[in-house]
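upload14.txt follows (compact mmCIF, C-alpha atoms):
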```
# COMPACT_ATOMS: atom_id res chain seq x y z
CA MET A 1 11.76 36.98 40.75
CA ILE A 2 13.15 35.74 44.00
CA SER A 3 16.42 34.23 42.84
CA LYS A 4 18.52 32.85 40.03
CA ASP A 5 18.08 29.20 40.96
CA GLU A 6 14.28 29.20 41.40
CA ASN A 7 13.80 28.15 37.79
CA ALA A 8 10.43 26.46 38.14
CA LEU A 9 8.97 29.60 39.73
CA ASP A 10 10.49 31.93 37.13
CA LYS A 11 9.15 29.70 34.37
CA LEU A 12 5.67 29.67 35.87
CA ILE A 13 5.62 33.48 36.23
CA HIS A 14 6.88 33.81 32.66
CA SER A 15 4.14 31.48 31.36
CA LEU A 16 1.39 33.28 33.27
CA LYS A 17 2.62 36.64 31.93
CA GLN A 18 1.69 35.49 28.40
CA LEU A 19 -2.01 35.62 29.33
CA PRO A 20 -3.89 38.78 28.33
CA GLY A 21 -4.06 41.45 31.04
CA VAL A 22 -1.55 39.63 33.24
CA GLY A 23 1.64 41.58 33.99
CA GLU A 24 4.64 40.81 36.17
CA LYS A 25 2.83 41.64 39.43
CA THR A 26 -0.33 39.66 38.73
CA ALA A 27 1.70 36.72 37.39
CA THR A 28 3.78 36.70 40.58
CA ARG A 29 0.66 36.85 42.76
CA LEU A 30 -0.97 34.01 40.82
CA ALA A 31 2.20 31.91 40.95
CA TYR A 32 2.52 32.23 44.73
CA PHE A 33 -1.17 31.42 45.06
CA ILE A 34 -0.68 28.23 43.04
CA LEU A 35 2.32 27.29 45.21
CA ARG A 36 0.37 27.81 48.42
CA GLU A 37 -2.63 25.74 47.32
CA ALA A 38 -2.79 21.95 47.60
CA GLU A 39 -1.05 20.03 44.84
CA SER A 40 -4.42 18.77 43.58
CA PHE A 41 -5.33 22.37 42.69
CA SER A 42 -2.39 22.82 40.31
CA THR A 43 -2.90 19.38 38.78
CA HIS A 44 -6.57 20.10 38.21
CA LEU A 45 -5.90 23.54 36.71
CA ALA A 46 -3.21 22.20 34.38
CA GLN A 47 -5.46 19.33 33.31
CA SER A 48 -8.40 21.56 32.49
CA ILE A 49 -6.15 23.82 30.38
CA VAL A 50 -4.79 20.94 28.33
CA GLU A 51 -8.17 19.19 28.06
CA ALA A 52 -10.03 22.28 26.91
CA ARG A 53 -7.45 23.04 24.23
CA GLN A 54 -7.41 19.43 23.04
CA LYS A 55 -11.14 18.68 23.11
CA LEU A 56 -12.55 21.93 21.77
CA GLN A 57 -12.67 22.36 18.02
CA THR A 58 -14.52 24.88 15.88
CA CYS A 59 -18.03 23.88 14.83
CA SER A 60 -17.98 22.88 11.15
CA SER A 61 -20.96 25.12 10.49
CA CYS A 62 -20.81 28.27 12.68
CA CYS A 63 -17.11 28.20 13.73
CA ASN A 64 -18.01 28.50 17.43
CA PHE A 65 -15.92 26.38 19.85
CA SER A 66 -17.49 23.00 20.47
CA GLU A 67 -16.54 19.55 21.74
CA ASN A 68 -18.38 18.01 18.80
CA SER A 69 -17.93 18.66 15.10
CA THR A 70 -21.32 20.44 15.14
CA CYS A 71 -22.10 22.68 18.12
CA PHE A 72 -25.28 22.40 20.22
CA ILE A 73 -26.87 25.46 18.59
CA CYS A 74 -26.21 24.31 15.02
CA SER A 75 -27.50 20.82 15.81
CA ASN A 76 -30.68 22.18 17.46
CA LEU A 77 -33.44 21.42 14.94
CA GLU A 78 -35.86 23.85 16.61
CA ARG A 79 -33.72 26.80 15.54
CA THR A 80 -34.27 28.12 12.03
CA GLU A 81 -31.56 27.89 9.39
CA GLU A 82 -33.02 30.95 7.69
CA THR A 83 -31.45 33.61 9.90
CA ILE A 84 -27.75 33.83 10.69
CA CYS A 85 -26.47 36.24 13.32
CA VAL A 86 -22.81 37.10 12.65
CA VAL A 87 -20.71 37.86 15.77
CA GLU A 88 -17.05 38.65 16.41
CA GLN A 89 -16.32 36.25 19.27
CA PRO A 90 -17.81 33.06 20.75
CA SER A 91 -18.50 34.99 23.97
CA ASP A 92 -20.86 37.31 22.05
CA ILE A 93 -23.14 34.31 21.48
CA SER A 94 -23.77 33.79 25.19
CA ALA A 95 -24.54 37.51 25.55
CA LEU A 96 -27.05 37.43 22.69
CA GLU A 97 -28.57 34.18 23.97
CA ARG A 98 -29.31 35.99 27.24
CA SER A 99 -31.74 38.23 25.31
CA ARG A 100 -33.85 35.15 24.46
CA GLN A 101 -34.89 37.04 21.31
CA PHE A 102 -33.02 35.11 18.65
CA LYS A 103 -34.10 31.72 17.40
CA GLY A 104 -31.77 31.37 14.40
CA LYS A 105 -28.17 30.21 14.04
CA TYR A 106 -24.94 32.07 14.64
CA HIS A 107 -21.67 32.57 12.79
CA VAL A 108 -18.45 33.44 14.61
CA LEU A 109 -15.90 35.52 12.68
CA HIS A 110 -13.18 35.13 15.35
CA GLY A 111 -12.15 38.77 15.04
CA VAL A 112 -12.77 41.92 13.00
CA LEU A 113 -11.02 43.44 10.01
CA SER A 114 -8.15 45.55 11.30
CA PRO A 115 -5.46 46.04 8.64
CA LEU A 116 -3.20 47.92 11.08
CA ASP A 117 -3.09 44.86 13.36
CA GLY A 118 -2.57 42.60 10.37
CA ILE A 119 -6.07 41.13 10.50
CA HIS A 120 -7.32 40.78 6.93
CA GLU A 121 -10.23 38.95 5.36
CA GLU A 122 -8.38 35.62 5.27
CA SER A 123 -7.84 35.59 9.07
CA LEU A 124 -11.61 35.73 9.66
CA LYS A 125 -14.25 33.09 9.00
CA ILE A 126 -15.84 35.12 6.20
CA LYS A 127 -15.35 32.46 3.51
CA GLU A 128 -17.15 29.94 5.72
CA LEU A 129 -20.07 32.38 6.09
CA LEU A 130 -20.34 32.81 2.31
CA THR A 131 -20.32 29.03 1.83
CA ARG A 132 -23.21 28.71 4.29
CA ILE A 133 -25.17 31.40 2.45
CA GLU A 134 -24.50 29.86 -0.97
CA ARG A 135 -26.08 26.60 0.21
CA GLY A 136 -29.34 28.54 -0.19
CA ASN A 137 -31.40 28.22 3.00
CA VAL A 138 -30.48 31.60 4.43
CA ARG A 139 -32.94 34.49 4.12
CA GLU A 140 -31.44 37.05 6.49
CA VAL A 141 -28.01 37.80 7.89
CA ILE A 142 -27.93 39.98 11.03
CA LEU A 143 -24.53 41.62 11.50
CA ALA A 144 -23.94 41.83 15.25
CA THR A 145 -20.32 43.02 15.31
CA ASN A 146 -19.37 45.52 18.02
CA PRO A 147 -20.27 49.21 17.60
CA THR A 148 -16.64 50.18 16.96
CA VAL A 149 -14.84 51.45 13.85
CA GLU A 150 -13.51 47.94 13.13
CA GLY A 151 -16.86 46.30 13.89
CA ASP A 152 -18.69 48.71 11.58
CA THR A 153 -16.13 48.30 8.81
CA THR A 154 -16.35 44.52 9.02
CA ALA A 155 -20.15 44.67 8.97
CA LEU A 156 -20.15 46.92 5.88
CA TYR A 157 -17.57 44.72 4.16
CA ILE A 158 -19.59 41.55 4.74
CA ALA A 159 -22.84 43.31 3.78
CA ARG A 160 -21.38 44.15 0.35
CA LEU A 161 -20.21 40.58 -0.20
CA ILE A 162 -23.62 39.11 0.64
CA LYS A 163 -25.97 41.51 -1.12
CA TYR A 164 -25.66 39.74 -4.47
CA ASN A 165 -27.03 36.54 -2.96
CA ASN A 166 -30.62 37.81 -2.66
CA VAL A 167 -30.36 37.70 1.14
CA ARG A 168 -31.62 40.41 3.47
CA VAL A 169 -28.72 41.96 5.40
CA SER A 170 -29.30 43.88 8.65
CA ARG A 171 -27.21 45.43 11.42
CA ILE A 172 -28.28 45.26 15.10
CA ALA A 173 -29.63 48.64 16.19
CA TYR A 174 -27.60 51.45 17.72
CA GLY A 175 -29.46 53.37 20.40
CA ILE A 176 -29.81 54.13 24.09
CA PRO A 177 -29.20 51.09 26.32
CA VAL A 178 -32.12 49.99 28.52
CA GLY A 179 -31.81 51.41 32.04
CA SER A 180 -29.38 54.19 31.08
CA GLU A 181 -29.87 57.90 31.71
CA ILE A 182 -29.99 60.17 28.69
CA GLU A 183 -28.24 62.90 30.71
CA TYR A 184 -25.06 60.84 30.87
CA LEU A 185 -25.02 59.26 27.40
CA ASP A 186 -22.42 60.27 24.83
CA GLY A 187 -23.31 62.36 21.78
CA ALA A 188 -22.53 59.62 19.26
CA THR A 189 -24.98 57.18 20.87
CA LEU A 190 -27.72 59.82 21.21
CA GLY A 191 -27.14 60.91 17.61
CA LYS A 192 -27.66 57.33 16.41
CA ALA A 193 -30.69 56.94 18.70
CA LEU A 194 -32.31 60.02 17.14
CA GLN A 195 -31.48 58.94 13.59
CA ASN A 196 -32.87 55.45 14.13
CA ARG A 197 -36.02 56.59 15.94
CA VAL A 198 -39.01 54.28 15.58
CA SER A 199 -42.58 55.52 14.83
CA LEU A 200 -45.11 54.75 17.55
CA MET B 1 -20.91 29.94 29.35
CA ILE B 2 -21.72 29.16 25.76
CA SER B 3 -23.66 25.91 26.16
CA LYS B 4 -24.53 22.88 28.22
CA ASP B 5 -22.40 20.41 26.28
CA GLU B 6 -19.17 22.46 26.18
CA ASN B 7 -17.90 20.75 29.31
CA ALA B 8 -14.18 21.20 28.75
CA LEU B 9 -14.65 24.96 28.36
CA ASP B 10 -16.91 25.23 31.41
CA LYS B 11 -14.40 23.25 33.44
CA LEU B 12 -11.52 25.47 32.31
CA ILE B 13 -13.45 28.65 33.16
CA HIS B 14 -14.37 27.16 36.54
CA SER B 15 -10.73 26.27 37.28
CA LEU B 16 -9.45 29.71 36.28
CA LYS B 17 -12.09 31.35 38.51
CA GLN B 18 -10.40 29.81 41.54
CA LEU B 19 -7.39 32.07 41.02
CA PRO B 20 -7.28 35.24 43.14
CA GLY B 21 -8.73 38.33 41.43
CA VAL B 22 -10.15 36.28 38.56
CA GLY B 23 -13.93 36.48 38.20
CA GLU B 24 -16.31 35.02 35.63
CA LYS B 25 -15.47 37.62 32.97
CA THR B 26 -11.69 37.41 33.28
CA ALA B 27 -11.83 33.62 33.44
CA THR B 28 -13.88 33.54 30.24
CA ARG B 29 -11.46 35.92 28.50
CA LEU B 30 -8.46 33.86 29.58
CA ALA B 31 -10.14 30.61 28.53
CA TYR B 32 -10.92 31.90 25.03
CA PHE B 33 -7.36 33.21 24.78
CA ILE B 34 -6.01 29.76 25.65
CA LEU B 35 -8.30 28.17 23.03
CA ARG B 36 -7.18 30.58 20.33
CA GLU B 37 -3.44 30.09 20.97
CA ALA B 38 -1.42 27.21 19.54
CA GLU B 39 -1.71 23.91 21.39
CA SER B 40 1.94 24.21 22.49
CA PHE B 41 1.00 27.29 24.54
CA SER B 42 -1.54 25.43 26.67
CA THR B 43 0.76 22.43 27.08
CA HIS B 44 3.60 24.69 28.16
CA LEU B 45 1.42 26.65 30.61
CA ALA B 46 0.00 23.48 32.16
CA GLN B 47 3.46 21.98 32.46
CA SER B 48 4.94 24.99 34.22
CA ILE B 49 2.06 25.02 36.71
CA VAL B 50 2.51 21.37 37.62
CA GLU B 51 6.33 21.58 37.64
CA ALA B 52 6.48 24.65 39.86
CA ARG B 53 4.11 23.12 42.39
CA GLN B 54 6.00 19.82 42.39
CA LYS B 55 9.56 21.12 42.41
CA LEU B 56 9.25 24.02 44.83
CA GLN B 57 9.42 23.25 48.51
CA THR B 58 9.89 25.54 51.50
CA CYS B 59 13.49 26.16 52.52
CA SER B 60 14.23 24.21 55.70
CA SER B 61 15.69 27.32 57.28
CA CYS B 62 13.81 30.46 56.17
CA CYS B 63 10.59 28.86 54.80
CA ASN B 64 10.92 30.71 51.46
CA PHE B 65 10.03 28.71 48.33
CA SER B 66 13.04 26.96 46.83
CA GLU B 67 13.88 24.11 44.50
CA ASN B 68 16.46 22.87 46.98
CA SER B 69 16.04 22.01 50.64
CA THR B 70 18.02 25.16 51.47
CA CYS B 71 17.33 28.30 49.40
CA PHE B 72 20.04 30.32 47.65
CA ILE B 73 19.98 33.08 50.29
CA CYS B 74 20.28 30.72 53.27
CA SER B 75 23.09 28.81 51.56
CA ASN B 76 25.00 32.02 50.73
CA LEU B 77 27.94 32.01 53.15
CA GLU B 78 28.66 35.70 52.56
CA ARG B 79 25.43 36.67 54.26
CA THR B 80 25.48 36.91 58.04
CA GLU B 81 23.47 34.53 60.21
CA GLU B 82 23.30 37.20 62.91
CA THR B 83 20.44 39.24 61.48
CA ILE B 84 17.10 37.80 60.44
CA CYS B 85 14.58 39.91 58.57
CA VAL B 86 11.04 38.57 59.09
CA VAL B 87 8.63 39.08 56.19
CA GLU B 88 5.03 38.09 55.45
CA GLN B 89 5.39 36.68 51.93
CA PRO B 90 8.19 35.30 49.71
CA SER B 91 7.56 38.21 47.31
CA ASP B 92 8.54 40.66 50.08
CA ILE B 93 12.08 39.22 49.92
CA SER B 94 12.60 40.27 46.32
CA ALA B 95 11.34 43.77 47.19
CA LEU B 96 13.76 44.09 50.12
CA GLU B 97 16.62 42.65 48.04
CA ARG B 98 16.07 45.51 45.59
CA SER B 99 17.17 47.93 48.34
CA ARG B 100 20.62 46.25 48.40
CA GLN B 101 20.79 47.31 52.07
CA PHE B 102 20.35 43.99 53.81
CA LYS B 103 23.10 41.39 54.06
CA GLY B 104 21.52 39.00 56.58
CA LYS B 105 19.04 36.15 56.20
CA TYR B 106 15.27 36.20 55.90
CA HIS B 107 12.36 34.38 57.47
CA VAL B 108 9.01 34.02 55.70
CA LEU B 109 5.91 33.81 57.92
CA HIS B 110 3.56 32.96 55.01
CA GLY B 111 0.88 35.28 56.32
CA VAL B 112 -0.02 37.49 59.28
CA LEU B 113 -2.09 36.91 62.38
CA SER B 114 -5.70 37.56 61.55
CA PRO B 115 -8.07 35.79 63.94
CA LEU B 116 -11.14 36.94 61.99
CA ASP B 117 -9.87 35.12 58.88
CA GLY B 118 -8.94 32.11 60.99
CA ILE B 119 -5.18 32.72 60.74
CA HIS B 120 -3.69 31.94 64.14
CA GLU B 121 -0.12 31.44 65.33
CA GLU B 122 -0.04 27.80 64.22
CA SER B 123 -0.78 28.70 60.58
CA LEU B 124 2.34 30.89 60.41
CA LYS B 125 6.01 29.88 60.48
CA ILE B 126 6.56 31.44 63.93
CA LYS B 127 7.68 28.20 65.61
CA GLU B 128 10.34 27.78 62.91
CA LEU B 129 11.59 31.32 63.61
CA LEU B 130 11.88 30.63 67.34
CA THR B 131 13.82 27.42 66.63
CA ARG B 132 16.29 29.40 64.49
CA ILE B 133 16.74 31.97 67.25
CA GLU B 134 17.19 29.33 69.95
CA ARG B 135 20.11 27.88 68.00
CA GLY B 136 21.95 30.95 69.29
CA ASN B 137 23.66 32.72 66.36
CA VAL B 138 21.02 35.42 65.97
CA ARG B 139 21.72 38.90 67.36
CA GLU B 140 18.95 40.94 65.76
CA VAL B 141 15.52 40.26 64.33
CA ILE B 142 14.09 42.94 62.02
CA LEU B 143 10.32 42.71 61.75
CA ALA B 144 9.41 43.74 58.20
CA THR B 145 5.70 42.90 58.15
CA ASN B 146 3.41 45.27 56.27
CA PRO B 147 2.34 48.58 57.88
CA THR B 148 -1.22 47.34 58.43
CA VAL B 149 -3.15 46.50 61.58
CA GLU B 150 -2.46 42.77 61.07
CA GLY B 151 1.19 43.37 60.18
CA ASP B 152 1.71 45.51 63.28
CA THR B 153 -0.07 43.03 65.53
CA THR B 154 2.01 40.15 64.20
CA ALA B 155 5.22 42.18 64.66
CA LEU B 156 4.31 43.02 68.27
CA TYR B 157 3.33 39.42 68.97
CA ILE B 158 6.63 38.06 67.64
CA ALA B 159 8.62 40.80 69.41
CA ARG B 160 7.19 39.68 72.76
CA LEU B 161 8.01 36.04 72.09
CA ILE B 162 11.62 36.83 71.18
CA LYS B 163 12.56 39.40 73.83
CA TYR B 164 13.43 36.76 76.41
CA ASN B 165 16.15 35.37 74.14
CA ASN B 166 18.55 38.29 74.58
CA VAL B 167 18.10 39.25 70.93
CA ARG B 168 17.62 42.79 69.66
CA VAL B 169 14.21 43.18 68.02
CA SER B 170 13.49 46.03 65.60
CA ARG B 171 10.70 47.09 63.24
CA ILE B 172 11.42 48.65 59.82
CA ALA B 173 10.75 52.40 59.94
CA TYR B 174 7.47 54.09 59.15
CA GLY B 175 7.89 57.43 57.40
CA ILE B 176 7.51 59.36 54.17
CA PRO B 177 8.36 57.29 51.07
CA VAL B 178 11.26 58.54 48.94
CA GLY B 179 10.02 60.66 46.00
CA SER B 180 6.61 61.37 47.54
CA GLU B 181 5.08 64.80 48.12
CA ILE B 182 4.28 65.75 51.72
CA GLU B 183 1.27 67.71 50.47
CA TYR B 184 -0.46 64.51 49.35
CA LEU B 185 0.57 62.13 52.15
CA ASP B 186 -1.97 60.85 54.66
CA GLY B 187 -2.07 62.02 58.26
CA ALA B 188 -1.15 58.64 59.73
CA THR B 189 2.07 58.40 57.70
CA LEU B 190 3.07 62.00 58.44
CA GLY B 191 2.28 61.48 62.14
CA LYS B 192 4.64 58.48 62.23
CA ALA B 193 7.27 60.39 60.23
CA LEU B 194 7.21 63.19 62.83
CA GLN B 195 7.30 60.79 65.78
CA ASN B 196 10.23 58.85 64.33
CA ARG B 197 12.22 61.93 63.29
CA VAL B 198 15.98 61.43 63.20
CA SER B 199 18.45 63.98 64.67
CA LEU B 200 20.81 65.52 62.12
```

Encoded form (C-alpha cells):
Amino acid sequence: MISKDENALDKLIHSLKQLPGVGEKTATRLAYFILREAESFSTHLAQSIVEARQKLQTCSSCCNFSENSTCFICSNLERTEETICVVEQPSDISALERSRQFKGKYHVLHGVLSPLDGIHEESLKIKELLTRIERGNVREVILATNPTVEGDTTALYIARLIKYNNVRVSRIAYGIPVGSEIEYLDGATLGKALQNRVSL
Amino acid sequence: MISKDENALDKLIHSLKQLPGVGEKTATRLAYFILREAESFSTHLAQSIVEARQKLQTCSSCCNFSENSTCFICSNLERTEETICVVEQPSDISALERSRQFKGKYHVLHGVLSPLDGIHEESLKIKELLTRIERGNVREVILATNPTVEGDTTALYIARLIKYNNVRVSRIAYGIPVGSEIEYLDGATLGKALQNRVSL
C-alpha cells in the first residue's frame, strides 16, 4: 500500500487478493502491471471478466460451463448417450478429451464431498446426475474423480446411489503413469498398480 | 480450453494470461474461480481494474502513481525538499517508508536502464529528475535502485548526470541484511560488507 489517499489502487489490490493463490505481493505486482499498461488493456480485461461471468451458464444436461443452454459436447449427436464420465471440475473434461479415448458424455459435479469444508451432497450436482440416469439411456457411469480421499469417497458414494438403476459403474484405473520411472513412484501408486494388474 | 464455442471463457483465459507470472494453467484456474463466484464478485473486480487505471495518474513531481496531480508524499510540507530518494518502482517507496528513516521526497524512475530489453534513458523518468534538481532546492540525491547489474548501472549513470549540479549524490549501502546469518550469505554481499565497513 503506498498511501492512505491512493484509494483506487488499494481497492484494486484488495480485489485481486480475493483470487485464489494471489497474496498481497502478487496482487501488488499485478496492480502495478495493470497501471503501467495502456488503458485499453485494463478495459479489455475488465470486459472479459464481466462478459464471461454473464454469458456462461451451466449446461442443462452435464452442468459444464457453456454459453448455450446445452454445451457443445452434450449437443454433439456423434457422442453416445450411453456412457457418462463423472468429473469433479470442468477443467477435468479438457484433460480427458486430450486422451481422445472417450466418446460418451460427461457430468460435472463441481466439487467433491468434503464434510469438513462444508461440502455435502446438496452442494454437488449429484441429483442432476441421478435424473439423467433415471431417463434410462445410460448403460455405464465412469467415475473419474481425482485419486484423493475426497475423490474416492465421492466416487464410492455415487456408485452406491447408482447401483440400483441397473447401470454398470466403473472407476478410472489407478496405476503407474505413462513415462514415469518405477524407481521414483510412491508406494501407494505401485501398490494399486500391482493390485490392478492386467493379464497379457 | 473446454471447447470451440465457449468464446467468453477462452477470451477471459486469454486476457488473464497477459498478466505477469500467469500462464495457461493459472489463467484457467482463475477463470473458473471467477465463474464459480457470485456475479457481484466479477463486477466488483472489473470495476476496480477500470477505476484504478482511470483514476491513477503519475504525480507531477515524483512520478509515483497518485489519484491527485501531486501525491500525498510530495504534498506533505513536513517532508524536506532537500533530499530526493530515487527508486525504480512505486512499490519500492512503501518498502522504504517501512524503515521510518527517510523524511525527504522520492522520485520514481519506472524501470532501470537495460539496453538489451530496449529500456533506454528516454523510457525512464530521468529528465523529470534533472528538472527537479535544476529548480535548486535539492542538496542530496540518494540512489536507491536495486543491487543488480541494471540497478547499479542506472545509479552510476544518474550520478554522473547530477554531479555537475553541486548536489551530493549517494547510493544506499550494500551489506549484510539485519537478522541474516553470515554463514549462509553469498560472497558478493560479504565482500561489499567488508569493503564498506564502518569505524566504531

Looking at only C-alpha atoms, which of A:Leu130, A:Ala95, A:Gly151, A:Cys62 is the one that sits closest to Gly111 (chain A)?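 Ranking A:Leu130, A:Ala95, A:Gly151, A:Cys62 by distance to Gly111 (chain A), first place goes to A:Gly151.
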
Could I get the residues of chain B with an atom no further than 8 Å from an atom of chain A, each paired with its nearest atom pair and that distance in Å to one decimal, using all atoms listed in the file, sorted by chain and residue number, as a tab-separated table?
```
residue	atom	partner	partner_atom	distance
B:Met1	CA	A:Ser94	CA	6.3
B:Ile2	CA	A:Ser94	CA	5.1
B:Ser3	CA	A:Phe72	CA	7.1
B:Asp5	CA	A:Phe72	CA	7.0
B:Glu6	CA	A:Glu67	CA	5.9
B:Asn7	CA	A:Glu67	CA	7.8
B:Ala8	CA	A:Ala52	CA	4.7
B:Leu9	CA	A:Ala52	CA	5.5
B:Lys11	CA	A:Ser48	CA	6.3
B:Leu12	CA	A:Ser48	CA	5.0
B:Ser15	CA	A:Leu45	CA	5.6
B:Leu16	CA	A:Leu45	CA	7.1
B:Leu19	CA	A:Leu30	CA	6.7
B:Pro20	CA	A:Leu30	CA	6.8
B:Thr28	CA	A:Ser91	CA	7.9
B:Leu30	CA	A:Leu19	CA	6.7
B:Phe33	CA	A:Leu19	CA	7.4
B:Ile34	CA	A:Arg53	CA	7.0
B:Leu35	CA	A:Arg53	CA	5.3
B:Glu39	CA	A:Arg53	CA	6.5
B:Ser42	CA	A:Val50	CA	5.8
B:Thr43	CA	A:Val50	CA	5.9
B:His44	CA	A:Ser15	CA	7.5
B:Leu45	CA	A:Ser15	CA	5.6
B:Ala46	CA	A:Ala46	CA	4.1
B:Gln47	CA	A:Ala46	CA	6.9
B:Ser48	CA	A:Leu12	CA	5.0
B:Ile49	CA	A:Leu12	CA	5.9
B:Val50	CA	A:Ser42	CA	5.8
B:Glu51	CA	A:Ala8	CA	6.4
B:Ala52	CA	A:Ala8	CA	4.7
B:Arg53	CA	A:Leu35	CA	5.3
B:Gln54	CA	A:Glu39	CA	7.5
B:Lys55	CA	A:Ala8	CA	6.9
B:Leu56	CA	A:Ala8	CA	7.2
B:Ser66	CA	A:Glu6	CA	6.0
B:Glu67	CA	A:Glu6	CA	6.0
B:Phe72	CA	A:Asp5	CA	7.1
B:Pro90	CA	A:Ile2	CA	7.6
B:Ser91	CA	A:Ile2	CA	7.0
B:Ile93	CA	A:Ile2	CA	6.9
B:Ser94	CA	A:Ile2	CA	5.1
```

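Of the listed residues (A:Arg79, A:Lys127, A:Arg98, A:Lys17), A:Lys127 comes nearest to Cys63 (chain A); the distances count all atoms listed in the file.
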
When you look at region 132-137 of chain A with a cut-off of 8 Å (counting all atoms listed in the file), what residues show up, excluding the ones that are within fewer than 4 positions of it in the same chain? I need them as a list in words. Ser61, Glu81, Glu82, Glu128 and Asn165 of chain A

Which of these residues is nearest to Ala159 (chain B), using all atoms listed in the file: B:Leu194, B:Val178, B:Gly104, B:Val86?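 Using all atoms listed in the file, Ala159 (chain B) sits closest to B:Val86.
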
Contact residues around Lys192 (chain B) with only C-alpha atoms at 10 Å, ignoring same-chain residues under 2 positions, as an MDAnalysis selection string: chainID B and resid 173:176 187:190 194:197

Suppose you want the space between CA of Ser123 (chain A) and CA of Ile84 (chain A); what is it in Å?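 Computing it gives 20.1 Å between the two atoms.
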
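Coordinates place CA of Lys103 (chain B) at a distance of 27.7 Å from CA of Glu121 (chain B).
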
Rounded to one decimal place, report the CA of Ser170 (chain B)-CA of Val141 (chain B) distance in Å.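 Spanning CA of Ser170 (chain B) to CA of Val141 (chain B) is a straight-line distance of 6.2 Å.
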
Here is a test: counting only C-alpha atoms, which residue of B:Val108, B:Leu96, B:Asn76, B:Leu143 is nearest to Arg168 (chain B)?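 Once distances to Arg168 (chain B) are computed over only C-alpha atoms, the minimum belongs to B:Leu143.
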
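With only C-alpha atoms as the atoms that count, the residue of B:Ser69, B:Ala27, B:Leu113, B:Cys59 with the shortest distance to Thr148 (chain B) is B:Leu113.
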
Could you check the closest approach to Cys85 (chain A) for each of A:Tyr164, A:Tyr106, A:Tyr157, A:Tyr184 and tell me which residue wins, using only C-alpha atoms? A:Tyr106
